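final-v3.txt (compact mmCIF, C-alpha atoms)
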# COMPACT_ATOMS: atom_id res chain seq x y z
CA MET A 613 -49.17 -52.57 45.13
CA GLU A 614 -52.31 -51.30 46.79
CA ASN A 615 -52.73 -48.86 43.92
CA LEU A 616 -52.30 -51.59 41.39
CA LEU A 617 -54.95 -53.73 43.05
CA LYS A 618 -57.31 -50.78 43.06
CA TYR A 619 -56.85 -50.31 39.33
CA VAL A 620 -57.27 -53.99 38.63
CA ASN A 621 -60.58 -53.74 40.47
CA ILE A 622 -61.59 -50.84 38.27
CA LEU A 623 -60.68 -52.87 35.21
CA GLN A 624 -62.87 -55.75 36.30
CA ARG A 625 -65.78 -53.52 37.18
CA SER A 626 -65.59 -51.53 33.96
CA LYS A 627 -66.58 -54.68 32.14
CA GLN A 628 -70.01 -54.61 33.67
CA MET A 629 -70.70 -50.96 32.88
CA GLU A 630 -71.60 -49.32 36.13
CA LEU A 631 -73.51 -46.55 34.39
CA GLU A 632 -76.71 -45.51 36.01
CA TYR A 633 -79.45 -43.20 34.93
CA ASP A 634 -82.30 -41.59 36.83
CA ILE A 635 -85.15 -39.55 35.48
CA VAL A 636 -86.61 -36.77 37.63
CA GLY A 637 -89.37 -34.91 35.81
CA ARG A 638 -87.87 -34.01 32.44
CA ASN A 639 -84.33 -34.20 33.81
CA LEU A 640 -82.03 -37.05 32.98
CA ILE A 641 -79.44 -37.69 35.67
CA VAL A 642 -76.40 -39.53 34.32
CA ARG A 643 -74.34 -41.07 37.10
CA VAL A 644 -70.99 -41.29 35.34
CA SER A 645 -68.83 -44.38 35.96
CA GLU A 646 -65.59 -44.43 37.96
CA GLU A 647 -63.52 -43.90 34.82
CA LEU A 648 -64.78 -42.02 31.78
CA ASP A 649 -62.68 -42.86 28.73
CA ASP A 650 -63.38 -43.64 25.06
CA HIS A 651 -64.57 -47.14 25.97
CA ASN A 652 -67.19 -45.92 28.49
CA ALA A 653 -68.01 -42.76 26.55
CA LYS A 654 -69.48 -44.78 23.69
CA CYS A 655 -71.87 -46.59 26.04
CA ILE A 656 -72.89 -43.38 27.81
CA ALA A 657 -73.58 -41.56 24.54
CA GLY A 658 -75.80 -44.35 23.20
CA GLY A 659 -77.68 -44.70 26.49
CA ILE A 660 -78.39 -40.99 26.73
CA ASP A 661 -79.68 -40.74 23.15
CA LYS A 662 -82.15 -43.54 23.75
CA LEU A 663 -83.46 -42.02 26.99
CA ILE A 664 -83.84 -38.55 25.44
CA ARG A 665 -85.97 -40.04 22.67
CA HIS A 666 -88.20 -42.22 24.85
CA HIS A 667 -88.72 -39.98 27.89
CA ASN A 668 -89.19 -36.47 26.55
CA ILE A 669 -86.02 -35.33 28.31
CA LYS A 670 -85.23 -31.62 28.42
CA ASN A 671 -82.19 -31.34 30.67
CA ILE A 672 -79.18 -33.53 31.38
CA ILE A 673 -77.33 -33.51 34.71
CA PHE A 674 -73.94 -35.24 34.60
CA ASP A 675 -73.13 -36.46 38.10
CA PHE A 676 -69.38 -37.10 38.53
CA LYS A 677 -69.59 -38.23 42.14
CA LYS A 678 -68.04 -41.66 41.43
CA THR A 679 -65.62 -40.44 38.77
CA SER A 680 -61.92 -40.23 39.53
CA PHE A 681 -60.60 -40.42 35.97
CA MET A 682 -61.68 -38.74 32.75
CA ASP A 683 -59.89 -38.06 29.46
CA SER A 684 -60.87 -35.99 26.43
CA SER A 685 -63.41 -38.62 25.36
CA GLY A 686 -65.55 -37.40 28.27
CA ILE A 687 -65.31 -33.83 26.97
CA GLY A 688 -66.48 -35.10 23.58
CA VAL A 689 -69.59 -36.69 25.10
CA ILE A 690 -70.50 -33.61 27.16
CA PHE A 691 -70.10 -31.29 24.14
CA SER A 692 -72.09 -33.53 21.85
CA LYS A 693 -74.98 -33.91 24.33
CA TYR A 694 -74.88 -30.16 24.93
CA LYS A 695 -75.41 -29.60 21.21
CA SER A 696 -78.36 -31.98 20.92
CA ILE A 697 -80.03 -30.72 24.13
CA LYS A 698 -79.63 -27.08 23.07
CA ASN A 699 -81.49 -27.93 19.86
CA ILE A 700 -84.54 -28.88 21.89
CA GLY A 701 -84.25 -25.84 24.18
CA GLY A 702 -82.90 -27.68 27.22
CA ASN A 703 -79.84 -27.41 29.37
CA VAL A 704 -76.80 -29.49 30.35
CA VAL A 705 -75.25 -29.06 33.81
CA ILE A 706 -72.62 -30.95 35.80
CA THR A 707 -72.17 -31.66 39.49
CA ASN A 708 -69.91 -33.34 42.10
CA VAL A 709 -66.68 -32.77 40.16
CA ASP A 710 -63.39 -33.92 41.73
CA ARG A 711 -59.99 -32.28 41.22
CA SER A 712 -58.66 -34.38 38.36
CA VAL A 713 -61.92 -34.15 36.40
CA GLU A 714 -62.01 -30.42 37.11
CA ARG A 715 -58.60 -29.86 35.52
CA LEU A 716 -59.73 -31.44 32.28
CA LEU A 717 -63.04 -29.58 32.19
CA LYS A 718 -61.17 -26.30 32.70
CA LEU A 719 -58.60 -27.12 30.04
CA ALA A 720 -61.39 -27.77 27.53
CA GLY A 721 -63.11 -24.51 28.45
CA ILE A 722 -66.32 -26.33 29.25
CA TYR A 723 -67.35 -23.82 31.93
CA LYS A 724 -67.80 -21.18 29.24
CA ILE A 725 -70.99 -22.94 28.17
CA ILE A 726 -71.92 -25.36 30.94
CA HIS A 727 -72.67 -24.62 34.59
CA LYS A 728 -71.31 -26.62 37.47
CA TYR A 729 -73.23 -27.03 40.72
CA GLU A 730 -71.84 -28.13 44.06
CA ASN A 731 -74.42 -30.85 44.56
CA MET A 732 -77.36 -32.63 42.99
CA GLU A 733 -79.93 -30.74 45.04
CA THR A 734 -78.85 -27.38 43.63
CA ALA A 735 -78.55 -28.79 40.12
CA LEU A 736 -82.08 -30.14 40.27
CA LYS A 737 -83.46 -26.82 41.56
CA VAL A 738 -82.00 -25.03 38.56
CA CYS A 739 -83.16 -27.62 36.01
CA ARG A 740 -86.89 -27.24 36.04
CA MET B 909 -30.61 -40.07 42.78
CA LYS B 910 -30.28 -42.37 39.86
CA TYR B 911 -32.92 -44.89 39.01
CA GLN B 912 -33.31 -46.73 35.77
CA ASN B 913 -36.00 -49.04 34.60
CA GLU B 914 -37.68 -49.98 31.37
CA MET B 915 -40.75 -51.90 30.24
CA LYS B 916 -42.53 -52.71 27.00
CA VAL B 917 -46.02 -54.06 26.38
CA GLU B 918 -48.03 -54.89 23.30
CA PHE B 919 -51.81 -55.21 23.29
CA ASP B 920 -54.76 -55.45 20.87
CA SER B 921 -56.41 -52.30 19.60
CA GLN B 922 -59.59 -52.77 21.60
CA SER B 923 -61.11 -49.96 23.60
CA GLN B 924 -61.10 -51.88 26.89
CA ASN B 925 -57.28 -51.86 26.65
CA GLU B 926 -57.29 -48.10 27.24
CA ALA B 927 -57.95 -48.90 30.91
CA PHE B 928 -55.34 -51.69 30.75
CA ALA B 929 -52.69 -49.26 29.46
CA ARG B 930 -53.49 -46.85 32.31
CA VAL B 931 -53.11 -49.62 34.89
CA VAL B 932 -49.75 -50.68 33.43
CA ILE B 933 -48.34 -47.17 33.29
CA SER B 934 -49.63 -46.43 36.81
CA ALA B 935 -47.87 -49.52 38.16
CA MET B 936 -44.62 -48.49 36.44
CA VAL B 937 -44.73 -44.88 37.61
CA ALA B 938 -45.86 -45.84 41.11
CA GLN B 939 -42.34 -47.17 41.82
CA LEU B 940 -41.18 -43.56 41.77
CA ASP B 941 -43.68 -42.46 44.40
CA PRO B 942 -45.20 -39.65 42.30
CA THR B 943 -47.75 -37.15 43.59
CA LEU B 944 -51.39 -37.94 42.81
CA GLU B 945 -51.40 -35.10 40.34
CA GLU B 946 -48.33 -36.37 38.50
CA LEU B 947 -49.81 -39.85 38.32
CA SER B 948 -53.10 -38.47 37.03
CA ASP B 949 -51.28 -36.35 34.39
CA ILE B 950 -49.36 -39.36 33.07
CA LYS B 951 -52.40 -41.66 33.08
CA THR B 952 -54.45 -39.10 31.18
CA ALA B 953 -51.73 -38.49 28.56
CA VAL B 954 -51.31 -42.25 28.02
CA SER B 955 -55.06 -42.71 27.75
CA GLU B 956 -55.17 -40.06 25.01
CA ALA B 957 -52.28 -41.57 23.04
CA VAL B 958 -53.65 -45.12 23.25
CA THR B 959 -57.18 -43.98 22.35
CA ASN B 960 -55.76 -42.20 19.30
CA ALA B 961 -53.92 -45.35 18.21
CA ILE B 962 -57.11 -47.40 18.51
CA ILE B 963 -59.70 -45.10 16.97
CA HIS B 964 -57.59 -43.10 14.54
CA GLY B 965 -54.56 -45.32 13.82
CA TYR B 966 -56.46 -48.56 13.40
CA GLU B 967 -59.93 -47.00 13.00
CA GLU B 968 -61.21 -49.66 15.40
CA CYS B 969 -59.92 -52.51 13.23
CA GLU B 970 -57.54 -55.21 14.47
CA GLY B 971 -53.99 -54.17 15.22
CA LYS B 972 -51.38 -54.03 17.94
CA VAL B 973 -50.55 -51.06 20.10
CA HIS B 974 -47.05 -50.89 21.58
CA MET B 975 -46.25 -49.01 24.73
CA LEU B 976 -42.75 -48.45 26.02
CA CYS B 977 -41.77 -46.71 29.21
CA LYS B 978 -38.29 -45.77 30.42
CA ILE B 979 -37.27 -44.11 33.62
CA TYR B 980 -34.07 -42.09 33.69
CA ASP B 981 -33.32 -40.46 37.02
CA SER B 982 -36.45 -38.48 37.68
CA THR B 983 -37.65 -38.33 34.09
CA ILE B 984 -40.21 -40.66 32.64
CA TYR B 985 -40.24 -41.32 28.91
CA ILE B 986 -43.26 -42.96 27.26
CA GLU B 987 -43.71 -44.13 23.70
CA VAL B 988 -47.04 -45.25 22.21
CA LYS B 989 -46.79 -46.75 18.74
CA ASP B 990 -49.23 -48.17 16.20
CA TYR B 991 -48.87 -49.58 12.69
CA GLY B 992 -52.10 -48.01 11.49
CA LYS B 993 -52.99 -45.47 8.86
CA GLY B 994 -50.79 -42.62 10.08
CA ILE B 995 -51.50 -38.89 10.40
CA GLU B 996 -51.51 -36.90 7.17
CA ASP B 997 -51.01 -33.49 8.71
CA ILE B 998 -49.44 -33.57 12.17
CA GLU B 999 -49.61 -29.80 12.70
CA LYS B 1000 -53.35 -29.84 12.01
CA ALA B 1001 -53.85 -32.81 14.34
CA ARG B 1002 -52.22 -30.83 17.16
CA VAL B 1003 -54.59 -27.87 16.79
CA PRO B 1004 -56.98 -27.76 19.77
CA LEU B 1005 -60.54 -28.82 18.90
CA TYR B 1006 -59.52 -30.15 15.47
CA THR B 1007 -60.81 -33.68 14.91
CA SER B 1008 -60.58 -35.80 11.78
CA LYS B 1009 -63.69 -37.66 12.96
CA PRO B 1010 -66.38 -35.08 13.78
CA GLU B 1011 -69.05 -37.78 13.38
CA LEU B 1012 -67.66 -39.59 16.45
CA ASP B 1013 -68.34 -37.12 19.30
CA ARG B 1014 -64.60 -36.52 19.62
CA SER B 1015 -63.50 -33.32 21.31
CA GLY B 1016 -60.31 -32.79 19.30
CA MET B 1017 -58.45 -32.24 22.57
CA GLY B 1018 -56.26 -35.36 22.64
CA PHE B 1019 -52.91 -33.82 21.70
CA THR B 1020 -53.70 -30.66 23.67
CA VAL B 1021 -54.21 -32.79 26.78
CA MET B 1022 -50.92 -34.65 26.18
CA GLU B 1023 -49.06 -31.36 25.67
CA THR B 1024 -50.59 -29.83 28.80
CA PHE B 1025 -49.93 -32.77 31.11
CA MET B 1026 -46.47 -33.77 29.86
CA ASP B 1027 -43.34 -31.64 29.51
CA GLU B 1028 -42.64 -32.65 25.94
CA VAL B 1029 -44.63 -34.40 23.20
CA GLU B 1030 -43.21 -35.45 19.85
CA ILE B 1031 -45.10 -37.16 17.05
CA GLU B 1032 -43.65 -39.19 14.20
CA SER B 1033 -46.06 -40.44 11.59
CA LYS B 1034 -46.11 -41.77 8.05
CA ALA B 1035 -49.27 -42.36 6.02
CA GLY B 1036 -49.91 -46.08 5.72
CA ILE B 1037 -47.07 -47.01 8.07
CA GLY B 1038 -48.09 -45.81 11.51
CA THR B 1039 -47.67 -43.30 14.27
CA LYS B 1040 -45.31 -42.97 17.21
CA VAL B 1041 -46.07 -40.56 20.05
CA MET B 1042 -43.14 -39.83 22.38
CA MET B 1043 -43.72 -38.08 25.66
CA ARG B 1044 -41.45 -36.99 28.48
CA LYS B 1045 -42.13 -35.72 31.96
CA LYS B 1046 -39.85 -34.87 34.84
CA LEU B 1047 -41.28 -35.85 38.19
CA GLU B 1048 -40.64 -32.99 40.59
CA SER B 1049 -41.57 -35.14 43.58
CA ILE B 1050 -38.49 -37.33 43.12
CA ASP B 1051 -35.87 -34.68 43.82
CA LYS B 1052 -37.09 -34.24 47.39
How does the structure come out when it is put into structure tokens?
Amino acid sequence: MENLLKYVNILQRSKQMELEYDIVGRNLIVRVSEELDDHNAKCIAGGIDKLIRHHNIKNIIFDFKKTSFMDSSGIGVIFSKYKSIKNIGGNVVITNVDRSVERLLKLAGIYKIIHKYENMETALKVCR
Amino acid sequence: MKYQNEMKVEFDSQSQNEAFARVVISAMVAQLDPTLEELSDIKTAVSEAVTNAIIHGYEECEGKVHMLCKIYDSTIYIEVKDYGKGIEDIEKARVPLYTSKPELDRSGMGFTVMETFMDEVEIESKAGIGTKVMMRKKLESIDK
């Protein structure tokens, strides 16, 4: 029952898109929501495209600190942003990945092209 | 240990119902006291099947998605069904990284994820009639 209540909370919160972005230099930090599915992925993708255009963004850092659920829609977003950022000579990195997100990233082979860093500090050092 | 239970839900093909379907399946499976990993596997597989029904089956148009879940002993059986456009080539759809909608930022990993996280995945589909995805998983935690 406790679990159920927790998920109902997530449902209610997902309505008000808890996506957050920060810009540090030419780095765009995307603080990914608690659950990253097809529904949220569409909002993230649109938000990122707009910010890249308006703020001369070079690198994207996906921060999964809040994220406890992700499905293959999340993989789709990361791959697609990787492609567009590579075109402008930038980089995509990820950080603060929990176990369930990690399993999916590994399954998709994302670490073959994208680096993971333990924390935001390290990620920001690398993305200059 | 013998435990039997069954539930059925029907919901609109709207993307916010992907989270709804995960909540429902979590509540059903939670009765069996699964491990966190088992619960996460099942939620992810259901999310993939329901997302497919919504964006591929109905191509984001109006429609109903049906989800059925049965528990036999320690095995959970899940069915996700739509009455959408159907899959023309099921074998091709199951190929990792293949997507029929490359314009949509899709990874093409949906069926691969279902196959990885569940023990068995079967697909029945007819063009113009719809698609039924049937998945089975034995919960190891229950035998203890």
For a quick test of understanding: name the residues of chain B lying within 7 Å of chain A when counting only C-alpha atoms, and present them as a PyMOL selection string. chain B and resi 923-924+927+931+935+952+955-956+959+1013-1015+1017-1018
Excluding Leu640 (chain A) and any residue of its chain fewer than 6 positions from it, enumerate the residues within 7 Å of it, using only C-alpha atoms, and give them as a compact mmCIF listing (two decimals) with C-alpha atoms, keeping the file's coordinate frame.
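Result file follows (selection20.txt):
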# COMPACT_ATOMS: atom_id res chain seq x y z
CA TYR A 633 -79.45 -43.20 34.93
CA ASP A 634 -82.30 -41.59 36.83
CA ILE A 669 -86.02 -35.33 28.31
CA ASN A 671 -82.19 -31.34 30.67
CA ILE A 672 -79.18 -33.53 31.38
CA ILE A 673 -77.33 -33.51 34.71
In Å, with one decimal, what is the gap from CA of Asp990 (chain B) to CA of Met1043 (chain B)?
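Pair CA of Asp990 (chain B) / CA of Met1043 (chain B) returns 14.9 Å.
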What's around Ala735 (chain A) at 12 Å? Count all atoms listed in the file, leave out sequence neighbours fewer than 6 positions away in its own chain, and write the answer as a ChimeraX atom specification. /A:636,639-641,671-675,703-708,726-729
Would you export the selected residues with C-alpha atoms as a PDB file, in the frame of the given file, please?
ATOM      1  CA  VAL A 636     -86.610 -36.770  37.630  1.00  0.00           C
ATOM      2  CA  ASN A 639     -84.330 -34.200  33.810  1.00  0.00           C
ATOM      3  CA  LEU A 640     -82.030 -37.050  32.980  1.00  0.00           C
ATOM      4  CA  ILE A 641     -79.440 -37.690  35.670  1.00  0.00           C
ATOM      5  CA  ASN A 671     -82.190 -31.340  30.670  1.00  0.00           C
ATOM      6  CA  ILE A 672     -79.180 -33.530  31.380  1.00  0.00           C
ATOM      7  CA  ILE A 673     -77.330 -33.510  34.710  1.00  0.00           C
ATOM      8  CA  PHE A 674     -73.940 -35.240  34.600  1.00  0.00           C
ATOM      9  CA  ASP A 675     -73.130 -36.460  38.100  1.00  0.00           C
ATOM     10  CA  ASN A 703     -79.840 -27.410  29.370  1.00  0.00           C
ATOM     11  CA  VAL A 704     -76.800 -29.490  30.350  1.00  0.00           C
ATOM     12  CA  VAL A 705     -75.250 -29.060  33.810  1.00  0.00           C
ATOM     13  CA  ILE A 706     -72.620 -30.950  35.800  1.00  0.00           C
ATOM     14  CA  THR A 707     -72.170 -31.660  39.490  1.00  0.00           C
ATOM     15  CA  ASN A 708     -69.910 -33.340  42.100  1.00  0.00           C
ATOM     16  CA  ILE A 726     -71.920 -25.360  30.940  1.00  0.00           C
ATOM     17  CA  HIS A 727     -72.670 -24.620  34.590  1.00  0.00           C
ATOM     18  CA  LYS A 728     -71.310 -26.620  37.470  1.00  0.00           C
ATOM     19  CA  TYR A 729     -73.230 -27.030  40.720  1.00  0.00           C
TER      20      TYR A 729
END
Q | Nearby residues (all atoms listed in the file) at most 10 Å from Arg638 (chain A), same-chain spacing under 4 positions excluded, as a ChimeraX atom specification | A | /A:664,667-672,702,739-740
What separates CA of Ile950 (chain B) and CA of Thr1024 (chain B) is a distance of 10.5 Å
The centre and edge lengths of an axis-aligned box containing all atoms of region 1037-1044 of chain B present in the file, extended by 3 Å on each side, are to be given in Å to one decimal, as JSON.
{"center_x": -44.8, "center_y": -42.0, "center_z": 18.3, "size_x": 12.6, "size_y": 16.0, "size_z": 26.4}
Exercise. Could you state the separation of CA of Val958 (chain B) and CA of Val1003 (chain B) in Å, given to one decimal place?
Worked result: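 Straight-line distance from CA of Val958 (chain B) to CA of Val1003 (chain B) works out to 18.4 Å.
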- For the point (-46.5, -33.9, 46.3) in the file's frame, write as a list of chain:residue names all residues with an atom no more than 9 Å away, counting all atoms listed in the file. B:Pro942, B:Thr943, B:Leu944, B:Glu945, B:Glu946, B:Glu1048, B:Ser1049
| field | Long-range neighbours of Gln922 (chain B) as a PyMOL selection string, 9 Å cut-off, all atoms listed in the file, 5 positions minimum in chain | value | (chain A and resi 651) or (chain B and resi 962-963+968-971)
For the selection just defined, write its residues with C-alpha atoms to a file, as an mmCIF file, in the coordinates of the input.
data_model
loop_
_atom_site.group_PDB
_atom_site.id
_atom_site.type_symbol
_atom_site.label_atom_id
_atom_site.label_comp_id
_atom_site.auth_asym_id
_atom_site.auth_seq_id
_atom_site.Cartn_x
_atom_site.Cartn_y
_atom_site.Cartn_z
ATOM 1 C CA HIS A 651 -64.570 -47.140 25.970
ATOM 2 C CA ILE B 962 -57.110 -47.400 18.510
ATOM 3 C CA ILE B 963 -59.700 -45.100 16.970
ATOM 4 C CA GLU B 968 -61.210 -49.660 15.400
ATOM 5 C CA CYS B 969 -59.920 -52.510 13.230
ATOM 6 C CA GLU B 970 -57.540 -55.210 14.470
ATOM 7 C CA GLY B 971 -53.990 -54.170 15.220
#
Test item: residues at most 8 Å from Lys951 (chain B), all atoms listed in the file, excluding those fewer than 5 positions along its chain, as a PyMOL selection string:
chain B and resi 930+933-934
- Between B:Glu999, B:Leu1012, B:Met936, B:Ala961, which one has atoms that come closest to Asp920 (chain B), using only C-alpha atoms?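 Checking each of B:Glu999, B:Leu1012, B:Met936, B:Ala961 against Asp920 (chain B), counting only C-alpha atoms, the winner is B:Ala961.
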Which of these, B:Asp941, B:Glu1028, B:Glu918, B:Glu967, has the shortest distance to Ile986 (chain B) once you count only C-alpha atoms?
->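 Of B:Asp941, B:Glu1028, B:Glu918, B:Glu967, the one nearest Ile986 (chain B), counting only C-alpha atoms, is B:Glu1028.
Minimum atom-to-atom distance to Asn960 (chain B), evaluated using all atoms listed in the file, belongs to B:Lys1009 out of B:Lys1046, B:Glu1030, B:Tyr985, B:Lys1009.
Restricting the calculation to only C-alpha atoms, the smallest distance between Thr1039 (chain B) and any of B:Leu976, B:Leu1005, B:Pro1010, B:Ala957 is found for B:Ala957.
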